[in-house]
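The data block below is structure_23.tsv; it holds TSV, C-alpha atoms and all ligand atoms.
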chain	number	residue	atom	x	y	z
A	153	MET	CA	131.78	-49.69	77.12
A	154	LEU	CA	133.26	-46.66	78.85
A	155	PRO	CA	133.00	-46.85	82.66
A	156	ILE	CA	130.31	-44.52	84.04
A	157	TYR	CA	130.78	-42.40	87.18
A	158	LEU	CA	127.80	-40.75	88.87
A	159	ALA	CA	129.02	-37.55	90.51
A	160	SER	CA	126.33	-37.38	93.20
A	161	SER	CA	125.80	-38.05	96.89
A	162	SER	CA	122.05	-38.31	96.31
A	163	PRO	CA	120.72	-41.85	96.90
A	164	ARG	CA	117.75	-40.93	94.69
A	165	ARG	CA	119.98	-40.21	91.69
A	166	SER	CA	121.69	-43.59	92.18
A	167	MET	CA	118.34	-45.35	92.25
A	168	LEU	CA	117.21	-43.55	89.11
A	169	LEU	CA	120.41	-44.34	87.23
A	170	GLU	CA	120.04	-48.00	88.25
A	171	GLN	CA	116.82	-48.07	86.23
A	172	LEU	CA	118.86	-47.80	83.01
A	173	GLY	CA	120.55	-51.11	83.83
A	174	LEU	CA	124.08	-49.81	83.19
A	175	PRO	CA	126.95	-50.49	85.62
A	176	PHE	CA	128.25	-47.32	87.32
A	177	THR	CA	130.30	-46.10	90.26
A	178	VAL	CA	129.16	-43.34	92.61
A	179	VAL	CA	131.64	-40.59	93.50
A	180	ALA	CA	130.55	-37.77	95.82
A	181	PRO	CA	131.34	-34.34	94.34
A	182	GLU	CA	132.78	-31.74	96.71
A	183	VAL	CA	131.41	-28.43	95.44
A	184	ALA	CA	130.16	-25.10	96.72
A	185	GLU	CA	126.57	-24.60	95.59
A	186	GLU	CA	126.81	-20.79	95.54
A	187	VAL	CA	126.35	-19.16	92.15
A	188	GLN	CA	126.11	-15.65	90.82
A	189	GLU	CA	122.76	-14.01	91.78
A	190	GLY	CA	120.06	-13.65	89.16
A	191	LEU	CA	121.04	-16.48	86.80
A	192	PRO	CA	118.00	-17.86	84.98
A	193	PRO	CA	117.05	-21.30	86.40
A	194	HIS	CA	118.19	-23.31	83.40
A	195	GLN	CA	121.62	-21.66	83.53
A	196	LEU	CA	121.81	-22.13	87.29
A	197	VAL	CA	121.18	-25.89	87.15
A	198	GLU	CA	123.47	-26.36	84.15
A	199	THR	CA	126.26	-24.45	85.90
A	200	LEU	CA	125.94	-26.55	89.06
A	201	ALA	CA	125.69	-29.86	87.16
A	202	LEU	CA	128.84	-28.94	85.26
A	203	ARG	CA	130.59	-27.97	88.49
A	204	LYS	CA	129.72	-31.34	90.08
A	205	ALA	CA	130.95	-33.28	87.03
A	206	GLY	CA	134.08	-31.11	86.92
A	207	ALA	CA	134.82	-31.87	90.58
A	208	VAL	CA	134.93	-35.62	89.92
A	209	GLU	CA	136.54	-35.65	86.47
A	210	PRO	CA	140.15	-35.14	87.71
A	211	SER	CA	139.89	-38.27	89.89
A	212	ILE	CA	139.24	-40.66	86.98
A	213	SER	CA	141.50	-41.60	84.09
A	214	LYS	CA	138.93	-42.84	81.58
A	215	GLY	CA	135.14	-42.85	81.34
A	216	LEU	CA	131.97	-40.77	81.49
A	217	VAL	CA	131.09	-38.56	84.44
A	218	VAL	CA	127.37	-37.84	84.93
A	219	ALA	CA	126.11	-35.09	87.26
A	220	ALA	CA	122.84	-33.26	87.86
A	221	ASP	CA	121.32	-30.43	89.86
A	222	THR	CA	117.64	-29.80	90.61
A	223	VAL	CA	115.72	-26.68	91.63
A	224	VAL	CA	112.05	-25.80	91.95
A	225	VAL	CA	110.91	-22.51	90.42
A	226	TRP	CA	107.77	-20.74	91.57
A	227	GLN	CA	106.81	-17.56	89.71
A	228	GLY	CA	110.42	-16.99	88.70
A	229	LYS	CA	111.72	-17.51	92.26
A	230	VAL	CA	114.26	-20.33	92.65
A	231	LEU	CA	113.56	-22.65	95.58
A	232	GLY	CA	116.48	-24.89	96.52
A	233	LYS	CA	116.66	-27.05	99.61
A	234	PRO	CA	115.01	-25.40	102.64
A	235	ALA	CA	117.41	-24.35	105.41
A	236	ASP	CA	115.03	-25.44	108.18
A	237	ALA	CA	111.46	-26.49	108.97
A	238	ARG	CA	110.16	-22.92	108.88
A	239	GLU	CA	111.54	-22.33	105.40
A	240	ALA	CA	110.16	-25.68	104.26
A	241	ALA	CA	106.66	-24.65	105.42
A	242	GLU	CA	107.04	-21.29	103.64
A	243	MET	CA	108.01	-22.98	100.37
A	244	LEU	CA	105.09	-25.42	100.57
A	245	SER	CA	102.62	-22.59	101.19
A	246	LEU	CA	103.86	-20.94	97.96
A	247	LEU	CA	103.46	-24.16	95.99
A	248	ALA	CA	100.00	-25.03	97.42
A	249	GLY	CA	97.18	-24.62	94.88
A	250	ASN	CA	99.63	-23.49	92.17
A	251	GLU	CA	101.70	-24.82	89.31
A	252	HIS	CA	105.51	-24.64	89.52
A	253	GLU	CA	108.44	-25.77	87.42
A	254	VAL	CA	111.21	-28.22	88.25
A	255	PHE	CA	114.51	-27.75	86.41
A	256	THR	CA	117.25	-30.35	86.42
A	257	GLY	CA	120.59	-29.58	84.82
A	258	LEU	CA	122.47	-32.55	83.41
A	259	ALA	CA	126.19	-32.67	82.59
A	260	VAL	CA	128.10	-35.53	80.99
A	261	MET	CA	131.89	-35.32	80.61
A	262	GLU	CA	134.07	-37.77	78.77
A	263	LYS	CA	137.63	-38.50	79.72
A	264	PRO	CA	140.24	-38.42	78.28
A	265	SER	CA	138.65	-36.69	75.24
A	266	GLY	CA	137.40	-33.74	77.32
A	267	ARG	CA	134.13	-33.78	75.36
A	268	ARG	CA	131.14	-32.59	77.34
A	269	VAL	CA	127.39	-32.16	76.95
A	270	VAL	CA	125.37	-29.90	79.24
A	271	THR	CA	121.62	-29.62	79.03
A	272	HIS	CA	118.51	-29.33	81.20
A	273	GLU	CA	114.96	-30.58	81.43
A	274	ARG	CA	111.88	-28.74	82.69
A	275	THR	CA	108.75	-30.31	84.18
A	276	ARG	CA	105.60	-28.54	85.33
A	277	VAL	CA	104.02	-29.76	88.57
A	278	ARG	CA	100.64	-28.66	89.93
A	279	PHE	CA	99.88	-28.91	93.66
A	280	ARG	CA	96.36	-29.15	95.06
A	281	PRO	CA	95.47	-26.59	97.73
A	282	LEU	CA	96.98	-27.45	101.15
A	283	THR	CA	95.88	-26.49	104.64
A	284	THR	CA	98.33	-25.01	107.15
A	285	GLU	CA	97.85	-28.15	109.23
A	286	GLU	CA	98.72	-30.48	106.34
A	287	ILE	CA	101.87	-28.45	105.65
A	288	ALA	CA	102.91	-28.56	109.32
A	289	ARG	CA	102.31	-32.32	109.54
A	290	TYR	CA	104.26	-32.97	106.33
A	291	VAL	CA	107.19	-30.83	107.45
A	292	ALA	CA	107.22	-32.72	110.78
A	293	THR	CA	107.94	-35.98	108.88
A	294	GLY	CA	111.37	-34.54	107.96
A	295	GLU	CA	110.95	-35.60	104.33
A	296	PRO	CA	111.06	-32.05	102.86
A	297	LEU	CA	114.33	-31.01	104.45
A	298	ASP	CA	116.86	-32.25	101.90
A	299	LYS	CA	114.64	-31.77	98.84
A	300	ALA	CA	114.53	-28.84	96.43
A	301	GLY	CA	111.19	-27.04	96.90
A	302	ALA	CA	110.61	-28.91	100.19
A	303	TYR	CA	108.81	-31.98	98.83
A	304	ALA	CA	109.53	-35.43	97.47
A	305	ALA	CA	107.37	-36.49	94.54
A	306	GLN	CA	108.66	-40.05	95.06
A	307	GLY	CA	107.64	-40.00	98.75
A	308	LEU	CA	104.72	-38.79	100.83
A	309	GLY	CA	104.85	-35.51	98.90
A	310	ALA	CA	103.04	-37.43	96.15
A	311	ILE	CA	99.75	-36.81	97.94
A	312	PHE	CA	100.02	-33.08	97.13
A	313	ILE	CA	100.48	-33.52	93.39
A	314	ALA	CA	97.40	-32.89	91.26
A	315	GLY	CA	99.21	-33.17	87.92
A	316	ILE	CA	102.56	-33.34	86.14
A	317	ARG	CA	103.43	-32.17	82.61
A	318	GLY	CA	106.75	-33.52	81.41
A	319	CYS	CA	109.30	-36.00	82.72
A	320	TYR	CA	108.48	-37.33	86.22
A	321	PHE	CA	112.05	-38.58	86.76
A	322	ASN	CA	113.28	-35.04	86.19
A	323	VAL	CA	111.30	-33.98	89.27
A	324	VAL	CA	112.99	-36.66	91.39
A	325	GLY	CA	116.42	-35.47	90.20
A	326	LEU	CA	117.54	-37.23	87.01
A	327	PRO	CA	115.74	-36.91	83.64
A	328	LEU	CA	116.17	-40.48	82.43
A	329	ALA	CA	114.96	-40.14	78.84
A	330	ARG	CA	117.16	-37.09	78.32
A	331	LEU	CA	120.11	-38.83	79.96
A	332	ALA	CA	119.72	-41.89	77.72
A	333	GLN	CA	119.75	-39.59	74.67
A	334	VAL	CA	122.95	-37.90	75.84
A	335	LEU	CA	124.64	-41.21	76.68
A	336	LYS	CA	123.91	-42.38	73.12
A	337	GLU	CA	125.92	-39.40	71.86
A	338	PHE	CA	128.85	-40.97	73.73
A	339	GLY	CA	128.20	-44.42	72.27
A	340	VAL	CA	126.42	-45.82	75.34
A	341	ASP	CA	122.98	-47.27	74.65
A	342	PRO	CA	121.10	-48.70	77.67
A	343	LEU	CA	118.87	-50.90	75.46
A	344	GLU	CA	121.87	-52.38	73.70
A	345	TYR	CA	123.76	-52.92	76.96
A	346	VAL	CA	120.87	-54.69	78.68
A	347	GLN	CA	120.33	-56.91	75.63
A	348	ASN	CA	123.98	-58.02	75.53
A	349	ASN	CA	124.66	-58.50	79.24
B	401	LIG	C1	111.36	-31.70	93.76
B	401	LIG	C2	112.12	-32.88	94.30
B	401	LIG	C3	113.46	-32.80	94.61
B	401	LIG	N1	114.13	-33.86	95.10
B	401	LIG	C4	115.56	-33.81	95.43
B	401	LIG	C5	116.48	-34.22	94.28
B	401	LIG	C6	117.82	-33.72	94.74
B	401	LIG	O1	118.46	-34.75	95.50
B	401	LIG	C7	117.45	-32.56	95.68
B	401	LIG	C8	117.97	-31.28	95.10
B	401	LIG	O2	119.32	-31.12	95.48
B	401	LIG	P1	120.58	-31.20	94.50
B	401	LIG	O3	121.52	-30.13	94.96
B	401	LIG	O4	120.12	-31.20	93.08
B	401	LIG	O5	121.22	-32.64	94.77
B	401	LIG	P2	121.81	-33.28	96.10
B	401	LIG	O6	122.57	-32.25	96.88
B	401	LIG	O7	120.72	-34.02	96.82
B	401	LIG	O8	122.81	-34.38	95.54
B	401	LIG	P3	124.16	-34.18	94.64
B	401	LIG	O9	124.42	-32.71	94.47
B	401	LIG	O10	125.26	-34.86	95.40
B	401	LIG	O11	123.86	-34.90	93.35
B	401	LIG	O12	116.04	-32.54	95.78
B	401	LIG	C9	113.48	-35.07	95.30
B	401	LIG	O13	114.08	-36.06	95.75
B	401	LIG	N2	112.16	-35.18	94.98
B	401	LIG	C10	111.44	-34.14	94.48
B	401	LIG	O14	110.23	-34.30	94.20
Output the structure of this file as structure tokens.
Ligand SMILES: Cc1cn([C@H]2C[C@H](O)[C@@H](COP(=O)(O)OP(=O)(O)OP(=O)(O)O)O2)c(=O)[nH]c1=O
Amino acid sequence: MLPIYLASSSPRRSMLLEQLGLPFTVVAPEVAEEVQEGLPPHQLVETLALRKAGAVEPSISKGLVVAADTVVVWQGKVLGKPADAREAAEMLSLLAGNEHEVFTGLAVMEKPSGRRVVTHERTRVRFRPLTTEEIARYVATGEPLDKAGAYAAQGLGAIFIAGIRGCYFNVVGLPLARLAQVLKEFGVDPLEYVQNN
């Protein structure tokens, strides 16, 4: 099987990829996350996922590079990671009592063939109404600060979620079913690997 490289410094993405049971190596991508203004969310996350994969690809000689990028979208407005506690509270007050979308872009690059697949997954998440006090107390935990949209579905942020439509793993940062489909296009099948190893 081709060696797999996860181009990500996110411990969450590593944990998610571990669920597929495949061996992989983590390589942190060095990229600027600035993109052209006004890109639709799916293009934004695909562009950034591709950029992360592209940053790691030159450092390997053979294998598959996997990268992802996640944003939260509320009424067309892209919410990335909050800059500080105040911005985190602002984002959460937008999400409270409403449904939003989470987009994750996924890029897989093969070396040395140069073949690449770029795609994205969208999940809808509905928050229950939140009080100002709940928001302030959640922000004070520090959990929202490095998360797109200022919450972690896999953490304490779970207590705000009234419902999810679509892939849960996509919300946490790596759409596992979609990734497994893409890996199969490159001849890597998690079910087959786990059976034979
Ligand atoms: C909505 C949501 C986001 N997030 C996280 C996933 C991503 O790590 C982060 C969005 O930032 P990203 O820029 O997608 O990723 P990252 O900078 O953490 O890691 P890397 O670029 O090295 O791969 O938000 C959660 O952990 N839980 C959630 O519920």
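The interatomic distance for the pair atom CA of Leu169 of chain A and atom O10 of ligand LIG 401 (chain B) works out to 13.4 Å.
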Would you name the residues within 8 Å of ligand LIG 401 (chain B), counting only C-alpha atoms and all ligand atoms, and put them as a VMD selection string? chain A and resid 159 to 165 180 to 181 185 201 204 219 to 224 232 to 233 254 256 298 to 307 309 323 to 326
Might you pull out every residue within 9 Å of Pro192 of chain A, with all atoms listed in the file counted and same-chain residues fewer than 4 positions away left off, and present them as a list in words?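 Within the cut-off, the hits are Leu196, Val197, Gly228 and Val230 of chain A.
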Looking at A:Val334, A:Cys319, A:Ala241, A:Ile311, which one is nearest to Ala292 of chain A, with distances taken over all atoms listed in the file? A:Ala241
Calculated over all atoms listed in the file, which of the candidates A:Tyr157, A:Thr177, A:Leu244, A:Leu172 has the smallest distance to Val208 of chain A? A:Tyr157
Separation of atom CA of Leu247 of chain A and atom CA of Phe321 of chain A, in Å?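 If I compute the distance from atom CA of Leu247 of chain A to atom CA of Phe321 of chain A, I get 19.2 Å.
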Kindly indicate which residue among A:Ile212, A:Val217, A:Ala240, A:Ala332 lies nearest to Ala259 of chain A, using all atoms listed in the file for the distances. A:Val217
Residue nearest Trp226 of chain A - candidates A:Lys214, A:Arg238, A:Arg278, A:His272, atoms counted: all atoms listed in the file: A:Arg278
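Separating atom CA of Asn348 of chain A from atom CA of Met167 of chain A is a distance of 21.7 Å.
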Within-7 Å shell of (94.1, -27.1, 99.6) in input frame, all atoms listed in the file, as a count of residues only: 6
Taking into account all atoms listed in the file, which residue in the set A:Ser245, A:His194, A:Glu344, A:Ala314 is nearest to Val291 of chain A?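 Among A:Ser245, A:His194, A:Glu344, A:Ala314, it is A:Ser245 that comes nearest to Val291 of chain A.
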I'd like to know which of A:Gly294, A:Pro175, A:Gly257, A:Gly339 is closest to Pro327 of chain A, using all atoms listed in the file.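 Going through A:Gly294, A:Pro175, A:Gly257, A:Gly339 one by one, the smallest distance to Pro327 of chain A is for A:Gly257.
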Near Leu154 of chain A, counting only C-alpha atoms, which residues have an atom at most 12 Å away, once you skip same-chain residues fewer than 4 positions from it, shown as number ranges by chain? A: 174-177, 212-217, 261-265, 335-336, 338-341, 345
Excluding same-chain residues fewer than 5 positions from Gln227 of chain A, what lies within 10 Å of it counting all atoms listed in the file, as a PyMOL selection string? chain A and resi 246-247+250-253
Missing atoms in segment 188-221 of chain A: can you complete it with N, CA and C atoms, as a PDB file, keeping the file's coordinate frame?
ATOM      1  N   GLN A 188     126.403 -17.065  91.047  1.00  0.00           N
ATOM      2  CA  GLN A 188     126.110 -15.650  90.820  1.00  0.00           C
ATOM      3  C   GLN A 188     124.587 -15.420  90.913  1.00  0.00           C
ATOM      4  N   GLU A 189     124.182 -14.350  91.607  1.00  0.00           N
ATOM      5  CA  GLU A 189     122.760 -14.010  91.780  1.00  0.00           C
ATOM      6  C   GLU A 189     122.109 -13.736  90.421  1.00  0.00           C
ATOM      7  N   GLY A 190     120.838 -14.074  90.326  1.00  0.00           N
ATOM      8  CA  GLY A 190     120.060 -13.650  89.160  1.00  0.00           C
ATOM      9  C   GLY A 190     120.217 -14.491  87.903  1.00  0.00           C
ATOM     10  N   LEU A 191     120.940 -15.610  87.985  1.00  0.00           N
ATOM     11  CA  LEU A 191     121.040 -16.480  86.800  1.00  0.00           C
ATOM     12  C   LEU A 191     119.665 -17.080  86.519  1.00  0.00           C
ATOM     13  N   PRO A 192     119.255 -17.162  85.254  1.00  0.00           N
ATOM     14  CA  PRO A 192     118.000 -17.860  84.980  1.00  0.00           C
ATOM     15  C   PRO A 192     118.118 -19.334  85.400  1.00  0.00           C
ATOM     16  N   PRO A 193     116.986 -19.952  85.823  1.00  0.00           N
ATOM     17  CA  PRO A 193     117.050 -21.300  86.400  1.00  0.00           C
ATOM     18  C   PRO A 193     117.766 -22.327  85.537  1.00  0.00           C
ATOM     19  N   HIS A 194     117.554 -22.277  84.219  1.00  0.00           N
ATOM     20  CA  HIS A 194     118.190 -23.310  83.400  1.00  0.00           C
ATOM     21  C   HIS A 194     119.710 -23.154  83.413  1.00  0.00           C
ATOM     22  N   GLN A 195     120.158 -21.888  83.476  1.00  0.00           N
ATOM     23  CA  GLN A 195     121.620 -21.660  83.530  1.00  0.00           C
ATOM     24  C   GLN A 195     122.190 -22.045  84.891  1.00  0.00           C
ATOM     25  N   LEU A 196     121.395 -21.773  85.929  1.00  0.00           N
ATOM     26  CA  LEU A 196     121.810 -22.130  87.290  1.00  0.00           C
ATOM     27  C   LEU A 196     122.030 -23.642  87.411  1.00  0.00           C
ATOM     28  N   VAL A 197     121.042 -24.428  86.977  1.00  0.00           N
ATOM     29  CA  VAL A 197     121.180 -25.890  87.150  1.00  0.00           C
ATOM     30  C   VAL A 197     122.244 -26.472  86.221  1.00  0.00           C
ATOM     31  N   GLU A 198     122.414 -25.872  85.053  1.00  0.00           N
ATOM     32  CA  GLU A 198     123.470 -26.360  84.150  1.00  0.00           C
ATOM     33  C   GLU A 198     124.850 -26.046  84.736  1.00  0.00           C
ATOM     34  N   THR A 199     124.983 -24.849  85.294  1.00  0.00           N
ATOM     35  CA  THR A 199     126.260 -24.450  85.900  1.00  0.00           C
ATOM     36  C   THR A 199     126.638 -25.393  87.044  1.00  0.00           C
ATOM     37  N   LEU A 200     125.642 -25.696  87.900  1.00  0.00           N
ATOM     38  CA  LEU A 200     125.940 -26.550  89.060  1.00  0.00           C
ATOM     39  C   LEU A 200     126.194 -27.997  88.644  1.00  0.00           C
ATOM     40  N   ALA A 201     125.464 -28.478  87.639  1.00  0.00           N
ATOM     41  CA  ALA A 201     125.690 -29.860  87.160  1.00  0.00           C
ATOM     42  C   ALA A 201     127.109 -29.972  86.602  1.00  0.00           C
ATOM     43  N   LEU A 202     127.504 -28.960  85.847  1.00  0.00           N
ATOM     44  CA  LEU A 202     128.840 -28.940  85.260  1.00  0.00           C
ATOM     45  C   LEU A 202     129.914 -28.883  86.364  1.00  0.00           C
ATOM     46  N   ARG A 203     129.632 -28.096  87.383  1.00  0.00           N
ATOM     47  CA  ARG A 203     130.590 -27.970  88.490  1.00  0.00           C
ATOM     48  C   ARG A 203     130.761 -29.321  89.200  1.00  0.00           C
ATOM     49  N   LYS A 204     129.647 -30.028  89.406  1.00  0.00           N
ATOM     50  CA  LYS A 204     129.720 -31.340  90.080  1.00  0.00           C
ATOM     51  C   LYS A 204     130.505 -32.335  89.222  1.00  0.00           C
ATOM     52  N   ALA A 205     130.223 -32.359  87.918  1.00  0.00           N
ATOM     53  CA  ALA A 205     130.950 -33.280  87.030  1.00  0.00           C
ATOM     54  C   ALA A 205     132.439 -32.910  87.022  1.00  0.00           C
ATOM     55  N   GLY A 206     132.704 -31.607  86.965  1.00  0.00           N
ATOM     56  CA  GLY A 206     134.080 -31.110  86.920  1.00  0.00           C
ATOM     57  C   GLY A 206     134.865 -31.424  88.188  1.00  0.00           C
ATOM     58  N   ALA A 207     134.147 -31.574  89.309  1.00  0.00           N
ATOM     59  CA  ALA A 207     134.820 -31.870  90.580  1.00  0.00           C
ATOM     60  C   ALA A 207     135.285 -33.324  90.623  1.00  0.00           C
ATOM     61  N   VAL A 208     134.603 -34.192  89.879  1.00  0.00           N
ATOM     62  CA  VAL A 208     134.930 -35.620  89.920  1.00  0.00           C
ATOM     63  C   VAL A 208     135.873 -36.010  88.780  1.00  0.00           C
ATOM     64  N   GLU A 209     135.764 -35.307  87.677  1.00  0.00           N
ATOM     65  CA  GLU A 209     136.540 -35.650  86.470  1.00  0.00           C
ATOM     66  C   GLU A 209     138.046 -35.822  86.718  1.00  0.00           C
ATOM     67  N   PRO A 210     138.702 -34.955  87.517  1.00  0.00           N
ATOM     68  CA  PRO A 210     140.150 -35.140  87.710  1.00  0.00           C
ATOM     69  C   PRO A 210     140.521 -36.450  88.406  1.00  0.00           C
ATOM     70  N   SER A 211     139.556 -37.054  89.126  1.00  0.00           N
ATOM     71  CA  SER A 211     139.890 -38.270  89.890  1.00  0.00           C
ATOM     72  C   SER A 211     139.771 -39.552  89.063  1.00  0.00           C
ATOM     73  N   ILE A 212     139.339 -39.445  87.800  1.00  0.00           N
ATOM     74  CA  ILE A 212     139.240 -40.660  86.980  1.00  0.00           C
ATOM     75  C   ILE A 212     140.192 -40.539  85.782  1.00  0.00           C
ATOM     76  N   SER A 213     140.589 -41.693  85.243  1.00  0.00           N
ATOM     77  CA  SER A 213     141.500 -41.600  84.090  1.00  0.00           C
ATOM     78  C   SER A 213     140.743 -41.786  82.778  1.00  0.00           C
ATOM     79  N   LYS A 214     139.638 -42.547  82.825  1.00  0.00           N
ATOM     80  CA  LYS A 214     138.930 -42.840  81.580  1.00  0.00           C
ATOM     81  C   LYS A 214     137.451 -43.107  81.906  1.00  0.00           C
ATOM     82  N   GLY A 215     136.556 -42.540  81.134  1.00  0.00           N
ATOM     83  CA  GLY A 215     135.140 -42.850  81.340  1.00  0.00           C
ATOM     84  C   GLY A 215     134.238 -41.642  81.173  1.00  0.00           C
ATOM     85  N   LEU A 216     132.967 -41.842  81.573  1.00  0.00           N
ATOM     86  CA  LEU A 216     131.970 -40.770  81.490  1.00  0.00           C
ATOM     87  C   LEU A 216     131.577 -40.361  82.899  1.00  0.00           C
ATOM     88  N   VAL A 217     131.560 -39.054  83.144  1.00  0.00           N
ATOM     89  CA  VAL A 217     131.090 -38.560  84.440  1.00  0.00           C
ATOM     90  C   VAL A 217     129.716 -37.924  84.223  1.00  0.00           C
ATOM     91  N   VAL A 218     128.741 -38.353  85.028  1.00  0.00           N
ATOM     92  CA  VAL A 218     127.370 -37.840  84.930  1.00  0.00           C
ATOM     93  C   VAL A 218     127.044 -37.080  86.204  1.00  0.00           C
ATOM     94  N   ALA A 219     126.503 -35.858  86.066  1.00  0.00           N
ATOM     95  CA  ALA A 219     126.110 -35.090  87.260  1.00  0.00           C
ATOM     96  C   ALA A 219     124.829 -34.323  86.967  1.00  0.00           C
ATOM     97  N   ALA A 220     124.108 -33.975  88.029  1.00  0.00           N
ATOM     98  CA  ALA A 220     122.840 -33.260  87.860  1.00  0.00           C
ATOM     99  C   ALA A 220     122.601 -32.305  89.016  1.00  0.00           C
ATOM    100  N   ASP A 221     121.735 -31.340  88.786  1.00  0.00           N
ATOM    101  CA  ASP A 221     121.320 -30.430  89.860  1.00  0.00           C
ATOM    102  C   ASP A 221     119.863 -30.042  89.627  1.00  0.00           C
TER     103      ASP A 221
END
